[in-house]
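Text of the file structure-v7.pdb, holding PDB, C-alpha atoms:
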```
ATOM      1  CA  MET O   1       1.350 -21.210  19.439
ATOM      2  CA  HIS O   2       2.474 -20.046  22.886
ATOM      3  CA  ILE O   3       4.917 -22.738  24.012
ATOM      4  CA  PRO O   4       4.427 -23.708  27.689
ATOM      5  CA  ASP O   5       7.204 -24.758  30.088
ATOM      6  CA  GLY O   6       8.354 -28.300  29.429
ATOM      7  CA  PHE O   7       7.828 -28.574  25.664
ATOM      8  CA  VAL O   8      11.242 -27.311  24.655
ATOM      9  CA  SER O   9      14.651 -28.341  26.018
ATOM     10  CA  GLY O  10      16.933 -26.156  28.113
ATOM     11  CA  PRO O  11      19.498 -25.448  25.377
ATOM     12  CA  VAL O  12      16.766 -24.461  22.908
ATOM     13  CA  ASN O  13      15.164 -22.178  25.493
ATOM     14  CA  ALA O  14      18.558 -20.648  26.241
ATOM     15  CA  ALA O  15      19.192 -20.051  22.546
ATOM     16  CA  GLY O  16      15.721 -18.507  22.262
ATOM     17  CA  TYR O  17      16.446 -16.109  25.124
ATOM     18  CA  LEU O  18      19.826 -15.225  23.673
ATOM     19  CA  VAL O  19      18.546 -14.369  20.194
ATOM     20  CA  SER O  20      15.413 -12.616  21.456
ATOM     21  CA  ALA O  21      17.333 -10.569  23.998
ATOM     22  CA  GLY O  22      19.771  -9.553  21.277
ATOM     23  CA  VAL O  23      17.030  -8.416  18.914
ATOM     24  CA  ALA O  24      15.099  -6.730  21.740
ATOM     25  CA  GLY O  25      18.288  -4.849  22.688
ATOM     26  CA  LEU O  26      18.758  -3.776  19.094
ATOM     27  CA  ALA O  27      15.115  -2.703  18.891
ATOM     28  CA  LEU O  28      15.390  -0.689  22.120
ATOM     29  CA  ALA O  29      18.574   1.011  20.911
ATOM     30  CA  ARG O  30      16.972   1.801  17.570
ATOM     31  CA  ALA O  31      13.777   3.111  19.172
ATOM     32  CA  ASN O  32      15.865   5.190  21.561
ATOM     33  CA  LYS O  33      17.490   6.812  18.537
ATOM     34  CA  SER O  34      14.648   7.232  16.103
ATOM     35  CA  LEU O  35      11.242   6.710  17.729
ATOM     36  CA  GLU O  36       9.046   9.638  16.805
ATOM     37  CA  ASP O  37       6.563  11.505  18.986
ATOM     38  CA  HIS O  38       3.499  10.162  17.264
ATOM     39  CA  GLN O  39       4.763   6.592  17.547
ATOM     40  CA  VAL O  40       4.775   6.605  21.355
ATOM     41  CA  PRO O  41       1.003   6.246  21.889
ATOM     42  CA  LEU O  42       0.788   4.198  18.674
ATOM     43  CA  LEU O  43       3.185   1.621  20.113
ATOM     44  CA  GLY O  44       0.996   1.323  23.203
ATOM     45  CA  VAL O  45      -2.259   1.029  21.331
ATOM     46  CA  THR O  46      -0.851  -1.479  18.799
ATOM     47  CA  ALA O  47       0.302  -3.695  21.666
ATOM     48  CA  ALA O  48      -3.115  -3.361  23.330
ATOM     49  CA  PHE O  49      -4.893  -4.262  20.100
ATOM     50  CA  VAL O  50      -2.649  -7.278  19.467
ATOM     51  CA  PHE O  51      -3.255  -8.536  23.001
ATOM     52  CA  ALA O  52      -7.012  -8.028  22.819
ATOM     53  CA  ALA O  53      -7.359  -9.589  19.364
ATOM     54  CA  GLN O  54      -5.280 -12.584  20.493
ATOM     55  CA  MET O  55      -7.936 -13.326  23.131
ATOM     56  CA  VAL O  56     -10.622 -13.965  20.541
ATOM     57  CA  ASN O  57      -9.964 -17.536  19.424
ATOM     58  CA  PHE O  58     -11.850 -18.570  16.319
ATOM     59  CA  PRO O  59     -12.640 -22.176  15.340
ATOM     60  CA  VAL O  60     -10.589 -23.440  12.391
ATOM     61  CA  ALA O  61     -11.324 -27.171  12.203
ATOM     62  CA  ALA O  62     -13.080 -29.812  14.267
ATOM     63  CA  GLY O  63     -12.082 -29.174  17.866
ATOM     64  CA  THR O  64      -9.277 -26.755  17.028
ATOM     65  CA  SER O  65      -9.090 -23.001  17.377
ATOM     66  CA  GLY O  66      -6.642 -20.348  16.361
ATOM     67  CA  HIS O  67      -6.103 -16.732  17.195
ATOM     68  CA  PHE O  68      -4.730 -13.614  15.588
ATOM     69  CA  LEU O  69      -0.960 -13.137  15.878
ATOM     70  CA  GLY O  70      -0.621  -9.481  14.923
ATOM     71  CA  ALA O  71       3.154  -9.360  14.474
ATOM     72  CA  LEU O  72       3.060  -8.530  10.771
ATOM     73  CA  LEU O  73       0.359  -5.923  11.351
ATOM     74  CA  ALA O  74       2.550  -4.313  14.025
ATOM     75  CA  ALA O  75       5.550  -4.414  11.677
ATOM     76  CA  VAL O  76       3.649  -2.676   8.877
ATOM     77  CA  LEU O  77       2.315  -0.051  11.315
ATOM     78  CA  LEU O  78       5.523   0.611  13.260
ATOM     79  CA  GLY O  79       8.450  -1.033  11.479
ATOM     80  CA  PRO O  80       9.841  -4.529  12.128
ATOM     81  CA  LEU O  81      12.017  -3.718  15.146
ATOM     82  CA  ASN O  82       9.239  -1.851  16.938
ATOM     83  CA  ALA O  83       6.998  -4.819  16.148
ATOM     84  CA  CYS O  84       9.459  -7.088  17.963
ATOM     85  CA  LEU O  85       9.205  -4.778  20.983
ATOM     86  CA  VAL O  86       5.410  -4.811  20.832
ATOM     87  CA  MET O  87       5.316  -8.613  20.630
ATOM     88  CA  ALA O  88       7.839  -8.931  23.474
ATOM     89  CA  VAL O  89       5.651  -6.744  25.719
ATOM     90  CA  VAL O  90       2.486  -8.670  24.809
ATOM     91  CA  LEU O  91       4.131 -12.084  25.314
ATOM     92  CA  THR O  92       5.771 -11.085  28.607
ATOM     93  CA  ILE O  93       2.484  -9.884  30.086
ATOM     94  CA  GLN O  94       0.640 -12.945  28.770
ATOM     95  CA  CYS O  95       3.254 -15.145  30.410
ATOM     96  CA  LEU O  96       3.528 -13.374  33.776
ATOM     97  CA  LEU O  97      -0.081 -12.272  34.291
ATOM     98  CA  PHE O  98      -2.070 -14.985  32.515
ATOM     99  CA  ALA O  99       0.179 -18.097  32.458
ATOM    100  CA  ASP O 100      -0.109 -18.121  28.651
ATOM    101  CA  GLY O 101       3.245 -19.390  27.408
ATOM    102  CA  GLY O 102       5.957 -20.588  29.791
ATOM    103  CA  LEU O 103       8.533 -18.330  31.428
ATOM    104  CA  THR O 104      11.355 -20.650  30.360
ATOM    105  CA  ALA O 105       9.935 -20.570  26.801
ATOM    106  CA  LEU O 106       9.462 -16.787  26.675
ATOM    107  CA  GLY O 107      12.621 -16.437  24.588
ATOM    108  CA  VAL O 108      11.539 -18.943  21.940
ATOM    109  CA  ASN O 109       8.018 -17.499  21.952
ATOM    110  CA  VAL O 110       9.369 -13.993  21.273
ATOM    111  CA  PHE O 111      11.575 -15.517  18.572
ATOM    112  CA  ASN O 112       8.711 -17.417  16.871
ATOM    113  CA  MET O 113       6.048 -14.748  17.103
ATOM    114  CA  GLY O 114       8.065 -11.524  17.187
ATOM    115  CA  ILE O 115      11.223 -12.106  15.185
ATOM    116  CA  VAL O 116       9.946 -14.711  12.703
ATOM    117  CA  GLY O 117       6.301 -13.570  12.719
ATOM    118  CA  GLY O 118       7.128  -9.870  12.716
ATOM    119  CA  GLY O 119      10.654  -9.301  11.404
ATOM    120  CA  LEU O 120      11.044 -12.102   8.881
ATOM    121  CA  ALA O 121       7.481 -11.790   7.568
ATOM    122  CA  TYR O 122       8.045  -8.053   7.166
ATOM    123  CA  MET O 123      10.947  -8.784   4.819
ATOM    124  CA  VAL O 124       8.581 -10.903   2.726
ATOM    125  CA  PHE O 125       6.101  -8.015   2.791
ATOM    126  CA  ALA O 126       8.779  -5.532   1.695
ATOM    127  CA  ALA O 127       9.984  -7.837  -1.086
ATOM    128  CA  ILE O 128       6.488  -8.341  -2.538
ATOM    129  CA  ARG O 129       5.765  -4.657  -2.147
ATOM    130  CA  ARG O 130       8.845  -3.755  -4.153
ATOM    131  CA  VAL O 131       7.783  -5.632  -7.277
ATOM    132  CA  LEU O 132       4.117  -4.588  -7.224
ATOM    133  CA  PRO O 133       2.603  -1.245  -8.280
ATOM    134  CA  LYS O 134       2.386   1.297  -5.448
ATOM    135  CA  THR O 135      -1.357   1.142  -4.984
ATOM    136  CA  THR O 136      -3.463   0.585  -1.887
ATOM    137  CA  TRP O 137      -4.702  -2.763  -3.206
ATOM    138  CA  CYS O 138      -1.188  -4.046  -3.829
ATOM    139  CA  PHE O 139      -0.123  -2.777  -0.416
ATOM    140  CA  LEU O 140      -2.938  -4.712   1.257
ATOM    141  CA  PHE O 141      -2.228  -7.757  -0.909
ATOM    142  CA  SER O 142       1.450  -7.773   0.138
ATOM    143  CA  ALA O 143       0.435  -7.444   3.783
ATOM    144  CA  GLY O 144      -2.083 -10.280   3.393
ATOM    145  CA  VAL O 145       0.445 -12.687   1.873
ATOM    146  CA  ALA O 146       3.053 -11.787   4.495
ATOM    147  CA  ALA O 147       0.469 -12.155   7.298
ATOM    148  CA  TRP O 148      -0.278 -15.708   6.193
ATOM    149  CA  ILE O 149       3.436 -16.475   5.958
ATOM    150  CA  SER O 150       4.047 -14.966   9.420
ATOM    151  CA  VAL O 151       1.726 -17.504  11.049
ATOM    152  CA  VAL O 152       2.933 -20.510   9.055
ATOM    153  CA  ALA O 153       6.624 -19.578   9.440
ATOM    154  CA  GLY O 154       6.175 -18.947  13.173
ATOM    155  CA  SER O 155       4.554 -22.355  13.589
ATOM    156  CA  ALA O 156       7.317 -23.971  11.518
ATOM    157  CA  ALA O 157       9.928 -22.391  13.792
ATOM    158  CA  CYS O 158       7.977 -23.769  16.739
ATOM    159  CA  ALA O 159       7.929 -27.261  15.155
ATOM    160  CA  ILE O 160      11.675 -27.130  14.530
ATOM    161  CA  GLU O 161      12.308 -26.171  18.174
ATOM    162  CA  LEU O 162      10.114 -29.056  19.355
ATOM    163  CA  ALA O 163      11.994 -31.448  17.082
ATOM    164  CA  VAL O 164      15.449 -30.200  18.091
ATOM    165  CA  SER O 165      14.372 -30.581  21.728
ATOM    166  CA  GLY O 166      13.537 -34.230  21.056
ATOM    167  CA  THR O 167       9.887 -33.664  21.987
ATOM    168  CA  VAL O 168       8.462 -34.898  18.705
ATOM    169  CA  PRO O 169      10.152 -35.957  15.432
ATOM    170  CA  MET O 170      10.501 -33.277  12.753
ATOM    171  CA  ARG O 171       8.602 -35.270  10.092
ATOM    172  CA  ILE O 172       5.594 -35.342  12.430
ATOM    173  CA  ALA O 173       5.835 -31.872  13.978
ATOM    174  CA  LEU O 174       6.486 -29.815  10.869
ATOM    175  CA  PRO O 175       3.561 -30.928   8.658
ATOM    176  CA  ALA O 176       1.163 -31.004  11.620
ATOM    177  CA  MET O 177       2.049 -27.497  12.837
ATOM    178  CA  ALA O 178       2.269 -25.946   9.379
ATOM    179  CA  GLY O 179      -0.970 -27.661   8.329
ATOM    180  CA  VAL O 180      -3.080 -26.338  11.207
ATOM    181  CA  HIS O 181      -1.508 -22.894  10.974
ATOM    182  CA  ALA O 182      -2.100 -22.699   7.232
ATOM    183  CA  LEU O 183      -5.785 -22.582   8.213
ATOM    184  CA  ILE O 184      -5.269 -20.201  11.156
ATOM    185  CA  GLY O 185      -3.294 -17.995   8.764
ATOM    186  CA  ILE O 186      -6.458 -17.314   6.768
ATOM    187  CA  GLY O 187      -7.925 -15.618   9.839
ATOM    188  CA  GLU O 188      -4.676 -13.673  10.180
ATOM    189  CA  VAL O 189      -4.990 -12.426   6.591
ATOM    190  CA  ILE O 190      -8.570 -11.241   7.145
ATOM    191  CA  VAL O 191      -7.859  -9.396  10.406
ATOM    192  CA  THR O 192      -4.608  -7.879   9.120
ATOM    193  CA  ILE O 193      -6.136  -6.570   5.892
ATOM    194  CA  GLY O 194      -9.274  -5.374   7.672
ATOM    195  CA  THR O 195      -7.331  -3.474  10.329
ATOM    196  CA  LEU O 196      -4.834  -2.021   7.855
ATOM    197  CA  SER O 197      -7.542  -0.755   5.540
ATOM    198  CA  ALA O 198      -9.315   0.880   8.484
ATOM    199  CA  VAL O 199      -6.108   2.649   9.566
ATOM    200  CA  LEU O 200      -5.219   3.598   5.980
ATOM    201  CA  ALA O 201      -8.689   5.071   5.541
ATOM    202  CA  SER O 202      -8.472   7.209   8.680
ATOM    203  CA  ARG O 203      -4.782   8.000   9.323
ATOM    204  CA  PRO O 204      -2.527   6.713   6.515
ATOM    205  CA  ASP O 205       0.329   8.815   7.919
ATOM    206  CA  LEU O 206       0.433   6.481  10.954
ATOM    207  CA  VAL O 207       1.243   3.431   8.829
ATOM    208  CA  GLN O 208       5.024   3.499   8.675
ATOM    209  CA  ALA O 209       5.370   1.131   5.708
ATOM    210  CA  TRP O 210       2.816   3.220   3.769
ATOM    211  CA  SER O 211       3.926   6.750   4.599
ATOM    212  CA  GLY O 212       7.500   5.777   3.788
ATOM    213  CA  VAL O 213       6.405   5.041   0.235
ATOM    214  CA  THR O 214       4.045   7.914  -0.343
ATOM    215  CA  GLY O 215       6.049  10.513   1.534
ATOM    216  CA  ILE O 216       3.184  11.555   3.789
ATOM    217  CA  ALA O 217       5.446  11.498   6.841
ATOM    218  CA  VAL O 218       8.080  13.521   5.020
ATOM    219  CA  ALA O 219       5.480  16.098   4.087
ATOM    220  CA  SER O 220       4.195  16.394   7.636
ATOM    221  CA  GLU O 221       7.753  16.654   8.928
ATOM    222  CA  ALA O 222       8.472  19.447   6.478
ATOM    223  CA  LYS O 223       5.381  21.278   7.708
ATOM    224  CA  ALA O 224       6.428  20.851  11.330
TER     225      ALA O 224
ATOM    226  CA  MET D   1      23.969  14.533  14.219
ATOM    227  CA  LYS D   2      23.457  12.556  11.079
ATOM    228  CA  ARG D   3      19.882  13.138  10.134
ATOM    229  CA  PRO D   4      18.448  16.093  12.015
ATOM    230  CA  THR D   5      15.102  15.828  10.235
ATOM    231  CA  ARG D   6      14.455  12.538  12.048
ATOM    232  CA  CYS D   7      14.429  14.425  15.317
ATOM    233  CA  VAL D   8      11.799  16.877  14.173
ATOM    234  CA  SER D   9       8.687  15.054  15.188
ATOM    235  CA  SER D  10       5.664  14.865  12.980
ATOM    236  CA  LYS D  11       2.386  16.069  14.422
ATOM    237  CA  PRO D  12       1.018  13.931  17.222
ATOM    238  CA  PRO D  13      -1.859  11.754  16.094
ATOM    239  CA  ARG D  14      -5.332  12.974  16.742
ATOM    240  CA  LEU D  15      -6.173  11.861  20.222
ATOM    241  CA  TRP D  16      -9.381  10.357  18.969
ATOM    242  CA  PHE D  17      -7.561   7.868  16.775
ATOM    243  CA  ILE D  18      -5.647   6.450  19.736
ATOM    244  CA  LEU D  19      -8.758   6.498  21.917
ATOM    245  CA  ALA D  20     -10.828   4.831  19.196
ATOM    246  CA  ALA D  21      -8.210   2.121  18.671
ATOM    247  CA  LEU D  22      -8.006   1.580  22.425
ATOM    248  CA  ALA D  23     -11.801   1.410  22.594
ATOM    249  CA  VAL D  24     -11.860  -1.226  19.833
ATOM    250  CA  SER D  25      -9.257  -3.227  21.778
ATOM    251  CA  ILE D  26     -11.264  -3.030  24.991
ATOM    252  CA  VAL D  27     -14.422  -4.108  23.145
ATOM    253  CA  LEU D  28     -12.521  -7.096  21.678
ATOM    254  CA  ALA D  29     -11.079  -8.087  25.050
ATOM    255  CA  GLY D  30     -14.148  -7.241  27.124
ATOM    256  CA  LEU D  31     -17.127  -8.070  24.942
ATOM    257  CA  LEU D  32     -15.950 -10.588  22.326
ATOM    258  CA  SER D  33     -13.503 -12.676  24.361
ATOM    259  CA  PRO D  34     -16.253 -14.526  26.314
ATOM    260  CA  PHE D  35     -17.551 -15.768  22.956
ATOM    261  CA  ALA D  36     -14.125 -16.956  21.794
ATOM    262  CA  SER D  37     -13.697 -20.607  20.840
ATOM    263  CA  ARG D  38     -12.697 -22.745  23.825
ATOM    264  CA  SER D  39     -11.135 -25.431  21.652
ATOM    265  CA  PRO D  40      -7.391 -26.066  21.980
ATOM    266  CA  ASP D  41      -5.289 -23.875  19.715
ATOM    267  CA  GLY D  42      -3.025 -25.121  16.913
ATOM    268  CA  LEU D  43      -0.063 -26.071  19.106
ATOM    269  CA  GLU D  44      -2.248 -27.650  21.836
ATOM    270  CA  ARG D  45      -4.103 -29.680  19.208
ATOM    271  CA  VAL D  46      -0.863 -30.957  17.672
ATOM    272  CA  ALA D  47       0.543 -31.681  21.148
ATOM    273  CA  ALA D  48      -2.560 -33.707  22.042
ATOM    274  CA  ASP D  49      -2.681 -35.553  18.705
ATOM    275  CA  LYS D  50       1.015 -36.356  18.596
ATOM    276  CA  GLY D  51       1.214 -37.353  22.240
ATOM    277  CA  PHE D  52       3.463 -34.757  23.866
ATOM    278  CA  ILE D  53       0.859 -32.648  25.678
ATOM    279  CA  GLU D  54       1.823 -34.251  29.026
ATOM    280  CA  LYS D  55       5.282 -32.669  28.739
ATOM    281  CA  GLY D  56       3.677 -29.327  29.476
ATOM    282  CA  GLU D  57       1.673 -30.556  32.427
ATOM    283  CA  GLY D  58       4.471 -30.214  34.934
ATOM    284  CA  GLY D  59       3.066 -26.775  35.740
ATOM    285  CA  ALA D  60       4.327 -23.321  34.976
ATOM    286  CA  VAL D  61       7.719 -22.234  36.267
ATOM    287  CA  TRP D  62       6.341 -18.771  37.106
ATOM    288  CA  LYS D  63       4.070 -19.315  40.141
ATOM    289  CA  TRP D  64       2.800 -15.800  40.712
ATOM    290  CA  THR D  65       0.264 -15.564  37.928
ATOM    291  CA  LEU D  66      -2.530 -13.250  39.043
ATOM    292  CA  ILE D  67      -5.088 -14.200  36.383
ATOM    293  CA  PRO D  68      -4.383 -17.790  35.282
ATOM    294  CA  ASP D  69      -5.968 -18.759  31.952
ATOM    295  CA  TYR D  70      -7.688 -15.408  31.506
ATOM    296  CA  GLU D  71     -10.171 -16.035  34.332
ATOM    297  CA  LEU D  72     -10.161 -13.381  37.034
ATOM    298  CA  PRO D  73     -10.221 -15.327  40.329
ATOM    299  CA  GLY D  74     -13.151 -14.698  42.655
ATOM    300  CA  ILE D  75     -15.689 -14.066  39.900
ATOM    301  CA  LYS D  76     -18.051 -17.010  39.479
ATOM    302  CA  ASN D  77     -19.576 -15.951  36.164
ATOM    303  CA  GLY D  78     -17.171 -17.232  33.519
ATOM    304  CA  SER D  79     -17.999 -14.567  30.938
ATOM    305  CA  ILE D  80     -17.555 -11.661  33.341
ATOM    306  CA  SER D  81     -14.369 -13.264  34.657
ATOM    307  CA  THR D  82     -12.885 -13.558  31.155
ATOM    308  CA  ALA D  83     -14.089 -10.107  30.141
ATOM    309  CA  SER D  84     -12.524  -8.446  33.206
ATOM    310  CA  ALA D  85      -9.293 -10.363  32.639
ATOM    311  CA  GLY D  86      -9.287  -9.132  29.044
ATOM    312  CA  ILE D  87      -9.823  -5.497  29.967
ATOM    313  CA  ILE D  88      -7.163  -5.605  32.696
ATOM    314  CA  GLY D  89      -4.731  -7.255  30.279
ATOM    315  CA  THR D  90      -5.416  -4.771  27.497
ATOM    316  CA  LEU D  91      -4.776  -1.820  29.806
ATOM    317  CA  ALA D  92      -1.658  -3.489  31.263
ATOM    318  CA  VAL D  93      -0.221  -4.119  27.794
ATOM    319  CA  PHE D  94      -1.062  -0.582  26.684
ATOM    320  CA  GLY D  95       0.608   0.816  29.788
ATOM    321  CA  GLY D  96       3.666  -1.406  29.366
ATOM    322  CA  ALA D  97       4.296  -0.600  25.716
ATOM    323  CA  TYR D  98       3.419   3.080  26.085
ATOM    324  CA  GLY D  99       5.648   3.344  29.141
ATOM    325  CA  ILE D 100       8.658   1.807  27.413
ATOM    326  CA  ALA D 101       8.198   4.000  24.326
ATOM    327  CA  ARG D 102       7.793   7.083  26.514
ATOM    328  CA  ILE D 103      10.964   6.372  28.491
ATOM    329  CA  LEU D 104      13.002   5.787  25.299
ATOM    330  CA  LYS D 105      11.650   8.967  23.752
ATOM    331  CA  ARG D 106      12.288  11.085  26.843
ATOM    332  CA  LYS D 107      15.880   9.847  27.151
ATOM    333  CA  ARG D 108      16.545  11.004  23.612
ATOM    334  CA  THR D 109      14.888  14.371  24.077
ATOM    335  CA  ARG D 110      17.048  14.961  27.121
ATOM    336  CA  ARG D 111      20.170  13.972  25.191
ATOM    337  CA  LEU D 112      19.329  16.384  22.409
ATOM    338  CA  GLU D 113      18.795  19.234  24.837
ATOM    339  CA  GLN D 114      22.264  18.865  26.299
TER     340      GLN D 114
END
```
What do you get writing this file as structure tokens?
Amino acid sequence: MHIPDGFVSGPVNAAGYLVSAGVAGLALARANKSLEDHQVPLLGVTAAFVFAAQMVNFPVAAGTSGHFLGALLAAVLLGPLNACLVMAVVLTIQCLLFADGGLTALGVNVFNMGIVGGGLAYMVFAAIRRVLPKTTWCFLFSAGVAAWISVVAGSAACAIELAVSGTVPMRIALPAMAGVHALIGIGEVIVTIGTLSAVLASRPDLVQAWSGVTGIAVASEAKA
Amino acid sequence: MKRPTRCVSSKPPRLWFILAALAVSIVLAGLLSPFASRSPDGLERVAADKGFIEKGEGGAVWKWTLIPDYELPGIKNGSISTASAGIIGTLAVFGGAYGIARILKRKRTRRLEQ
């Protein structure tokens, strides 16, 4: 759902830049204050994984493909603000190096995929997590539901921007975008759960949303 | 300082975890990407079906793209071209995110030492 130049109007692009720059600034300030040693390489490798996985488009319906988004995965691994940073880095390099997503639309793309797909979906994840038992299965279930929502909500935000820009009417854009991305979201659920279970099996302490609950990070901090 | 414990860093992750995750990423970008579906993605499909795809055909505003559409110029073999683009991109993204995190972290360390 990388929006190219020309799809979205100037004011919408400007608003996208404004909001995304604000959140990116907040994320940088927060990371500057509380980023931990072990998160430095993890931030790099999460961004690399998101970029690489986004390259592998999978077919979803006749003549349509979709790809992994990764924002919710990044949010569960690193926290929602760090996830916004990760997505901003990925989207900026995709735009500048590969012409994937327009430069004028970089702001709205970071908004749709980083802030909505990462930040907002993470809130859904946290809310589901709160009401479910604190088991690995429930953790993965919450992440799966939120991963699906991240893709559909991101595409809905994209549809709204297209409609506000006068590109295509809302009643056409919204069902079409949400419909296709409801299917793409299934792929998102599979990759997110698969990756999370692999990381939880090898280094659960690196999963911020998990170690915060179980206290693994606290324990390792106490040891250090 | 409000929460001094936050500044005590937990143990760095085993190097192999980062290397393994990076290796998985490079395999995805370098070995699987040539087999990726070439069909238009969700937004492109909707744009084509609903008749606004031509709005994006005015060309990109940024003209200095080195690897347009994930095909490394100068390599005739499409698969190798895509694979090299993927590996370059993966390393560039890793470097970018790692670099930013490193700079933020170092600034704080310096502040704490003062």
Running the PyMOL selection byres ((chain O) within 6 of (chain D)) on this model by hand, what would come out? Give it as a count of residues only. 32
Target residues per the PyMOL selection byres ((chain O and resi 192-196) around 7), formatted as a ChimeraX atom specification: /O:73,140,143-144,147,188-191,197-200
Please identify all polymer residues within 7 Å of range 119-128 of chain O, counting all atoms listed in the file, omitting same-chain residues fewer than 3 positions from it, and present them as a compact mmCIF listing (two decimals) with C-alpha atoms, keeping the file's coordinate frame.
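File written: result-v5.txt
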```txt
# COMPACT_ATOMS: atom_id res chain seq x y z
CA LEU O 72 3.06 -8.53 10.77
CA ALA O 75 5.55 -4.41 11.68
CA PRO O 80 9.84 -4.53 12.13
CA LEU O 81 12.02 -3.72 15.15
CA GLY O 114 8.06 -11.52 17.19
CA ILE O 115 11.22 -12.11 15.18
CA VAL O 116 9.95 -14.71 12.70
CA VAL O 131 7.78 -5.63 -7.28
CA LEU O 132 4.12 -4.59 -7.22
CA SER O 142 1.45 -7.77 0.14
CA ALA O 143 0.44 -7.44 3.78
CA ALA O 146 3.05 -11.79 4.50
CA ILE O 149 3.44 -16.48 5.96
CA SER O 150 4.05 -14.97 9.42
```
Just how far from CA of Ala88 in chain O is CA of Asn109 in chain O, in Å to one decimal?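 If I compute the distance from CA of Asn109 in chain O to CA of Ala88 in chain O, I get 8.7 Å.
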In terms of all atoms listed in the file, the residue from O:Ala15, O:Val90, O:Leu28, O:Val8 at minimal distance from Gly107 in chain O is O:Ala15
Might you pull out every residue within 10 Å of Ile160 in chain O, with all atoms listed in the file counted and same-chain residues fewer than 2 positions away left off, and present them as a PDB file with C-alpha atoms, keeping the file's coordinate frame?
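Output (selection-v2.pdb):
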```
ATOM      1  CA  GLY O 154       6.175 -18.947  13.173  1.00  0.00           C
ATOM      2  CA  SER O 155       4.554 -22.355  13.589  1.00  0.00           C
ATOM      3  CA  ALA O 156       7.317 -23.971  11.518  1.00  0.00           C
ATOM      4  CA  ALA O 157       9.928 -22.391  13.792  1.00  0.00           C
ATOM      5  CA  CYS O 158       7.977 -23.769  16.739  1.00  0.00           C
ATOM      6  CA  LEU O 162      10.114 -29.056  19.355  1.00  0.00           C
ATOM      7  CA  ALA O 163      11.994 -31.448  17.082  1.00  0.00           C
ATOM      8  CA  VAL O 164      15.449 -30.200  18.091  1.00  0.00           C
ATOM      9  CA  SER O 165      14.372 -30.581  21.728  1.00  0.00           C
ATOM     10  CA  GLY O 166      13.537 -34.230  21.056  1.00  0.00           C
ATOM     11  CA  VAL O 168       8.462 -34.898  18.705  1.00  0.00           C
ATOM     12  CA  PRO O 169      10.152 -35.957  15.432  1.00  0.00           C
ATOM     13  CA  MET O 170      10.501 -33.277  12.753  1.00  0.00           C
ATOM     14  CA  ARG O 171       8.602 -35.270  10.092  1.00  0.00           C
ATOM     15  CA  ALA O 173       5.835 -31.872  13.978  1.00  0.00           C
ATOM     16  CA  LEU O 174       6.486 -29.815  10.869  1.00  0.00           C
ATOM     17  CA  MET O 177       2.049 -27.497  12.837  1.00  0.00           C
TER      18      MET O 177
END
```
One number please: CA of His181 in chain O to CA of Glu161 in chain O, in Å, one decimal.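 Taking CA of His181 in chain O as the start and CA of Glu161 in chain O as the end point, the length is 15.9 Å.
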Centre and edge lengths of an axis-aligned box around all listed atoms of range 145-150 of chain O, with 5 Å added on each side, are to be given in Å to one decimal, as lines of an AutoDock Vina configuration file.
```
center_x = 1.9
center_y = -14.1
center_z = 5.6
size_x = 14.3
size_y = 14.7
size_z = 17.5
```
Taking only C-alpha atoms into account, which of O:Ala71, O:Ile184, O:Val12, O:Ala83 comes nearest Ala31 in chain O?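 Between O:Ala71, O:Ile184, O:Val12, O:Ala83, the residue approaching Ala31 in chain O most closely is O:Ala83.
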As an exercise, work out the distance from CA of Ala178 in chain O to CA of Val145 in chain O in Å and give it to one decimal place.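 Computing it gives 15.3 Å between the two atoms.
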